[in-house]
Amino acid sequence: MGKTSEWALEGHNQEREDFSIVGTWNHPGRFSFDLATGAAKFPRDLTAPGMLHAQALRSPYGHATVRILDTSAAEALEGVELVLTHEDAEIAASPVKISPWFLLGASPLLGTEAEYEGDEVGVVVVARTPELCEEALALVKVEWTVLPHVTDPRDARATDAPVLRPEMNQYSNLAGNTFGAPNVWEDGNVEEGLKQADHIVEFAYGWPMWSQMRPMPAAYLSWWAPDPFGNLDKQTLYVCNDSHFTNQGPKGSAILGLGLGDDQVRVLTPHMGARYCDFQEKRGAQLAPLLSRRLGGRPVRYWYTRRNAFDAAVPASYFRTRIGFTDDGRLVAVQNENVHQSGARGGYGDKTNGHLVLPPQSTAFRATSCPNIHSVYHQMVTNGAATTADPGANRWEPVSLALHVIATELKKDPTQVILDNVHTTKPSLEACIEAGKKAIGWDAKWHLPGEKTLEDGRLHGIAVVPRNAITWGMINYNISLSIRPDGRLYLPYAEGQIGTYWPDAAALVIAEEFGTAPEDVVVYYAANYPNWTNGDAADRGSSVTWAAKEAALKLKASYLEAVAPARGIDVANADIKGSELFDRTDPDNPEKRFRLADIGTHIAVNFIGKPTAYDDSLKTLRTMTADFVEVAVDPETGEVEVLDYVCAHDFGKVIRPSSAFGQLENALTQSCGGALREELVWDEETGVLLNGNLLDYKVSTQLDQPPFQAVPVETRCGGGAYGSVGVAHAHFSRLLIALAVQNAIGSYLETAPATPDKILRALGKIGEDAS
């Protein structure tokens, strides 16, 4: 076992054991009915009387600039309401403000350089119908200057590669937070560590760009009108939705891009549509309100097609690692070099400064007992697509591969190698490993690579990877909680619903602590609520509920002091259960039991705070997870079938089981897609995306779901409510299935996805040139 991380639980009632609501099933979600019936309105569903339609010109080339534009034919087309080019003064001055995340190399709202095929440039058209809009754009005469392109970050490192962003770095395509040089750091002394090693092995792994695949393409509806409940002396902008992050989403985009005050913008729906680490809005979020204002406030809908939705993707990343380890399996030295993709500019800002991109790098090796680590990290500008954030668990991919390499070289059980090396908190990792091994039947199924064939002739493989369960706790939560005369508790919030379950989890925690029935807690969306400060998407179910718990206890104390004495109950003996006030010393006395709804008091409290964030250096880990997978590989076709997938997650404490386990299934779905099928493919000659549709780009469906087991572990070691932690971010892994394939065929695949041609090539069934 590696070293042990330690810390103290913080907050009130964290060690509570008597739960009657938290951790129980059959609590319908706040939006469950609306989502199940289709009543929920998403941005793409919104319409308005007299609505106009807008789109911009898109580049047919992988990298090009607009040299000459002639819009006269488009302007003359009947039904076209407005045509603006990049030379328009308001367009040229936009965005008015830029988030600090994007100050490095910020892009214009509508410029002349297209950084990828499909990039919006040059001219935007507003027309009465979508068809007229497209017809007008087809009439625009454009002369392009085609520029060299690079879509692979490894190619972007070449000395003869075209420099794509000379205004940021005139010497190379290195981007990120350090221009002109890679990010290099070292713990200990790797050269000395390698001298202590009995074995030195090198390996490589990586993955191409893959699509975040928003379930529905973006659409932005905006209009301007007086607000009867706001400032009557100025026009108010209406936009489709909030985001789940401060200063983002269509509302944040409008505030920054148009230089508006928060009080000038109103949102139309609480739903933003499901996303996974795709935080930035597209240019339409700012173009729609700008165009509407130019047209006297008329509603303008700027829409995107499914093909357009491929313009943002998860970055490609490749690492090459050299490790030294001893005969007993102890890791003593690591050299890791990571080439990571920053991609092109996108949205209304710039995504190439590393914003929320969590690459493998080498940081997760700090979660092991290895004393000597050397890291080189190259973050490369490319064409191809704008990058969104990559799930944080990817930092564990080089660690997991290193530990499996040790196990293979020494012919040891990888679960033991993991336990011998990972620097974590007792008993979290051991508990997850043991629970996962039992669920998948590890002791009976594990074998050395290439040593087991199933009765049907397929090759059997099994693998395990560790992860830390993430609790970011980045942002303070502003919880305004009140009990109103109807006896119910109310918590307003203002952020777009992205598919996380935290409002329902917060309601259960509040009900548990205050003593009300779950249906008497209303966590509701309050559009434009100015006091809400939202937190990080990775851990809302734990961090928000921690703050909600503190607020509930504070409100309960104030409430009992206010109402108990007047009803003949000593405050010290007063309590609430089942939405009734009662005397603990005389609980069966009906004269000392009062329904909260009959008391009719209105009291409100405020709590601002967050649990302590985990150590981002990964030297301190609160809780762990262990994911196991079993596969069968057909040696004749290269097809991989996932026979069993087990997620043993130390939740710390399960708050809402249906949502917690659902998050595991979501991460599993993404993992299977990224491991077996999903990759974006560009034409090398033109830089044009070849599979930007749902026929050629295969996302996981229900038919692709393997058998799945969610194995909850509860050590109460996390930083959220009752020691809970975040869930989904910990479980995304392309590598896990690749390691099981290696265990089946006896050879490592160096890139994801594990497609049949790569497997057959590794088995020697086809040559290097076959595809």
# chains A, B, ... in the order shown; residues from 1 in each chain; ligands from 1
$ select_by_dssp --residues "region 231-428 of chain A" --states "helix (DSSP H, G or I)" --output "PyMOL selection string"
chain A and resi 249-258+262-264+284-294+308-311+363-367+392-410+414-421+428
$ residues_around --residues "Val381 (chain A)" --least-positions-apart "6" --cutoff "8 Å" --atoms "only C-alpha atoms" --output "PyMOL selection string"
chain A and resi 153+156+164-165+173-175+341-344+352
$ residues_around --residues "region 382-388 of chain A" --least-positions-apart "2" --cutoff "7 Å" --atoms "only C-alpha atoms" --output "MDAnalysis selection string"
chainID A and resid 62:63 115:117 149:153 156 277:278 311:315 341:346 351 380 390 687
$ residues_around --residues "Val633 (chain A)" --least-positions-apart "3" --cutoff "8 Å" --atoms "only C-alpha atoms" --output "short mmCIF file (atom, residue, chain, number, x, y, z; two decimals) with C-alpha atoms, in the first residue's frame"
data_model
loop_
_atom_site.label_atom_id
_atom_site.label_comp_id
_atom_site.auth_asym_id
_atom_site.auth_seq_id
_atom_site.Cartn_x
_atom_site.Cartn_y
_atom_site.Cartn_z
CA ARG A 458 -12.80 -16.16 -28.56
CA LEU A 459 -9.93 -14.79 -26.50
CA HIS A 460 -10.76 -13.83 -22.90
CA GLY A 461 -9.48 -10.66 -21.29
CA GLY A 638 -11.18 -8.50 -34.27
CA GLU A 639 -14.58 -7.75 -32.77
CA VAL A 640 -14.67 -6.99 -29.04
CA GLU A 641 -17.64 -7.87 -26.84
CA VAL A 741 -7.97 -6.49 -24.93
CA ALA A 744 -6.85 -11.25 -24.20
CA ILE A 745 -4.48 -10.99 -27.18
#
$ atom_distance --atom1 "CA of Asp504 (chain A)" --atom2 "CA of Arg716 (chain A)"
20.2 Å
$ closest_residue --among "A:Tyr645, A:Trp446, A:Trp185, A:Tyr501" --to "Pro28 (chain A)" --atoms "only C-alpha atoms"
A:Tyr501
$ atom_distance --atom1 "CA of Cys717 (chain A)" --atom2 "CA of Ser543 (chain A)"
13.4 Å
$ residues_around --residues "region 192-196 of chain A" --least-positions-apart "3" --cutoff "9 Å" --atoms "only C-alpha atoms" --output "list in words"
Gly188, Asn189, His199, Ile200, Ile323, Gly324, Phe325, Thr326, Val332, Ala333, Val334, Pro371, Asn372 and Ile373 of chain A
$ write_last_selection --atoms "N, CA, C and O atoms" --output "short mmCIF file (atom, residue, chain, number, x, y, z; two decimals), in the first residue's frame"
data_model
loop_
_atom_site.label_atom_id
_atom_site.label_comp_id
_atom_site.auth_asym_id
_atom_site.auth_seq_id
_atom_site.Cartn_x
_atom_site.Cartn_y
_atom_site.Cartn_z
N GLY A 188 11.79 14.89 -7.35
CA GLY A 188 12.89 13.98 -7.10
C GLY A 188 13.94 14.06 -8.18
O GLY A 188 14.16 15.10 -8.81
N ASN A 189 14.58 12.94 -8.47
CA ASN A 189 15.64 12.86 -9.47
C ASN A 189 15.43 11.57 -10.26
O ASN A 189 15.72 10.48 -9.79
N HIS A 199 14.05 -3.01 -13.44
CA HIS A 199 13.45 -3.12 -14.77
C HIS A 199 13.15 -1.72 -15.29
O HIS A 199 12.69 -0.85 -14.54
N ILE A 200 13.41 -1.49 -16.58
CA ILE A 200 13.06 -0.24 -17.24
C ILE A 200 12.29 -0.59 -18.51
O ILE A 200 12.77 -1.37 -19.34
N ILE A 323 9.30 3.92 -17.53
CA ILE A 323 9.18 3.67 -16.10
C ILE A 323 10.31 2.75 -15.63
O ILE A 323 10.81 1.91 -16.36
N GLY A 324 10.69 2.95 -14.37
CA GLY A 324 11.61 2.05 -13.70
C GLY A 324 10.96 1.48 -12.46
O GLY A 324 10.31 2.22 -11.70
N PHE A 325 11.11 0.16 -12.25
CA PHE A 325 10.47 -0.46 -11.10
C PHE A 325 11.35 -1.60 -10.59
O PHE A 325 12.23 -2.11 -11.30
N THR A 326 11.10 -1.99 -9.36
CA THR A 326 11.90 -3.01 -8.70
C THR A 326 11.29 -4.39 -8.89
O THR A 326 10.16 -4.52 -9.39
N VAL A 332 9.68 3.28 -9.12
CA VAL A 332 10.68 4.16 -8.53
C VAL A 332 11.04 5.34 -9.42
O VAL A 332 11.66 6.31 -8.94
N ALA A 333 10.68 5.31 -10.70
CA ALA A 333 11.00 6.43 -11.58
C ALA A 333 10.04 6.46 -12.76
O ALA A 333 9.66 5.41 -13.29
N VAL A 334 9.66 7.67 -13.17
CA VAL A 334 8.76 7.85 -14.31
C VAL A 334 9.26 9.03 -15.14
O VAL A 334 9.53 10.11 -14.61
N PRO A 371 8.82 8.27 -6.04
CA PRO A 371 9.43 9.52 -5.60
C PRO A 371 10.06 10.34 -6.71
O PRO A 371 10.41 11.51 -6.50
N ASN A 372 10.20 9.76 -7.90
CA ASN A 372 10.94 10.44 -8.97
C ASN A 372 10.08 10.49 -10.24
O ASN A 372 9.82 9.46 -10.87
N ILE A 373 9.63 11.69 -10.60
CA ILE A 373 8.74 11.87 -11.74
C ILE A 373 9.24 13.04 -12.58
O ILE A 373 9.48 14.14 -12.05
#
$ residues_around --residues "region 515-520 of chain A" --least-positions-apart "5" --cutoff "10 Å" --atoms "only C-alpha atoms" --output "count of residues only"
29
$ atom_distance --atom1 "CA of Ser243 (chain A)" --atom2 "CA of Ala309 (chain A)"
17.8 Å
$ residues_around --residues "Pro492 (chain A)" --least-positions-apart "6" --cutoff "6 Å" --atoms "only C-alpha atoms" --output "PyMOL selection string"
chain A and resi 523-526
$ select_by_dssp --residues "region 198-422 of chain A" --states "strand (DSSP E)" --output "PyMOL selection string"
chain A and resi 199-207+210-211+219-225+236-241+265-269+300-303+312-314+317-325+331-344+373-387
$ closest_residue --among "A:Ala566, A:Ala511, A:Leu147, A:Met624" --to "Glu714 (chain A)" --atoms "only C-alpha atoms"
A:Met624
$ decode --residues "region 635-663 of chain A" --atoms "C-alpha atoms" --output "PDB file, in the first residue's frame"
ATOM      1  CA  PRO A 635      -9.440 -13.583 -33.266  1.00  0.00           C
ATOM      2  CA  GLU A 636     -10.925 -13.938 -36.749  1.00  0.00           C
ATOM      3  CA  THR A 637     -12.842 -10.648 -36.961  1.00  0.00           C
ATOM      4  CA  GLY A 638     -11.182  -8.504 -34.274  1.00  0.00           C
ATOM      5  CA  GLU A 639     -14.581  -7.750 -32.772  1.00  0.00           C
ATOM      6  CA  VAL A 640     -14.669  -6.993 -29.040  1.00  0.00           C
ATOM      7  CA  GLU A 641     -17.639  -7.867 -26.840  1.00  0.00           C
ATOM      8  CA  VAL A 642     -17.806  -6.455 -23.332  1.00  0.00           C
ATOM      9  CA  LEU A 643     -19.019  -9.331 -21.166  1.00  0.00           C
ATOM     10  CA  ASP A 644     -19.160  -7.492 -17.848  1.00  0.00           C
ATOM     11  CA  TYR A 645     -18.407  -3.993 -16.581  1.00  0.00           C
ATOM     12  CA  VAL A 646     -18.120  -3.292 -12.859  1.00  0.00           C
ATOM     13  CA  CYS A 647     -17.798   0.162 -11.308  1.00  0.00           C
ATOM     14  CA  ALA A 648     -16.831  -0.039  -7.638  1.00  0.00           C
ATOM     15  CA  HIS A 649     -17.142   3.562  -6.512  1.00  0.00           C
ATOM     16  CA  ASP A 650     -16.505   4.916  -3.055  1.00  0.00           C
ATOM     17  CA  PHE A 651     -19.356   7.396  -2.941  1.00  0.00           C
ATOM     18  CA  GLY A 652     -18.399   8.328   0.600  1.00  0.00           C
ATOM     19  CA  LYS A 653     -22.165   8.351   1.092  1.00  0.00           C
ATOM     20  CA  VAL A 654     -24.794   7.723  -1.569  1.00  0.00           C
ATOM     21  CA  ILE A 655     -27.213  10.662  -1.506  1.00  0.00           C
ATOM     22  CA  ARG A 656     -29.700   9.746  -4.251  1.00  0.00           C
ATOM     23  CA  PRO A 657     -29.081   6.191  -5.511  1.00  0.00           C
ATOM     24  CA  SER A 658     -30.928   6.374  -8.821  1.00  0.00           C
ATOM     25  CA  SER A 659     -28.951   9.406  -9.925  1.00  0.00           C
ATOM     26  CA  ALA A 660     -25.654   8.190  -8.489  1.00  0.00           C
ATOM     27  CA  PHE A 661     -25.845   4.884 -10.328  1.00  0.00           C
ATOM     28  CA  GLY A 662     -27.151   6.639 -13.424  1.00  0.00           C
ATOM     29  CA  GLN A 663     -23.991   8.739 -13.505  1.00  0.00           C
TER      30      GLN A 663
END
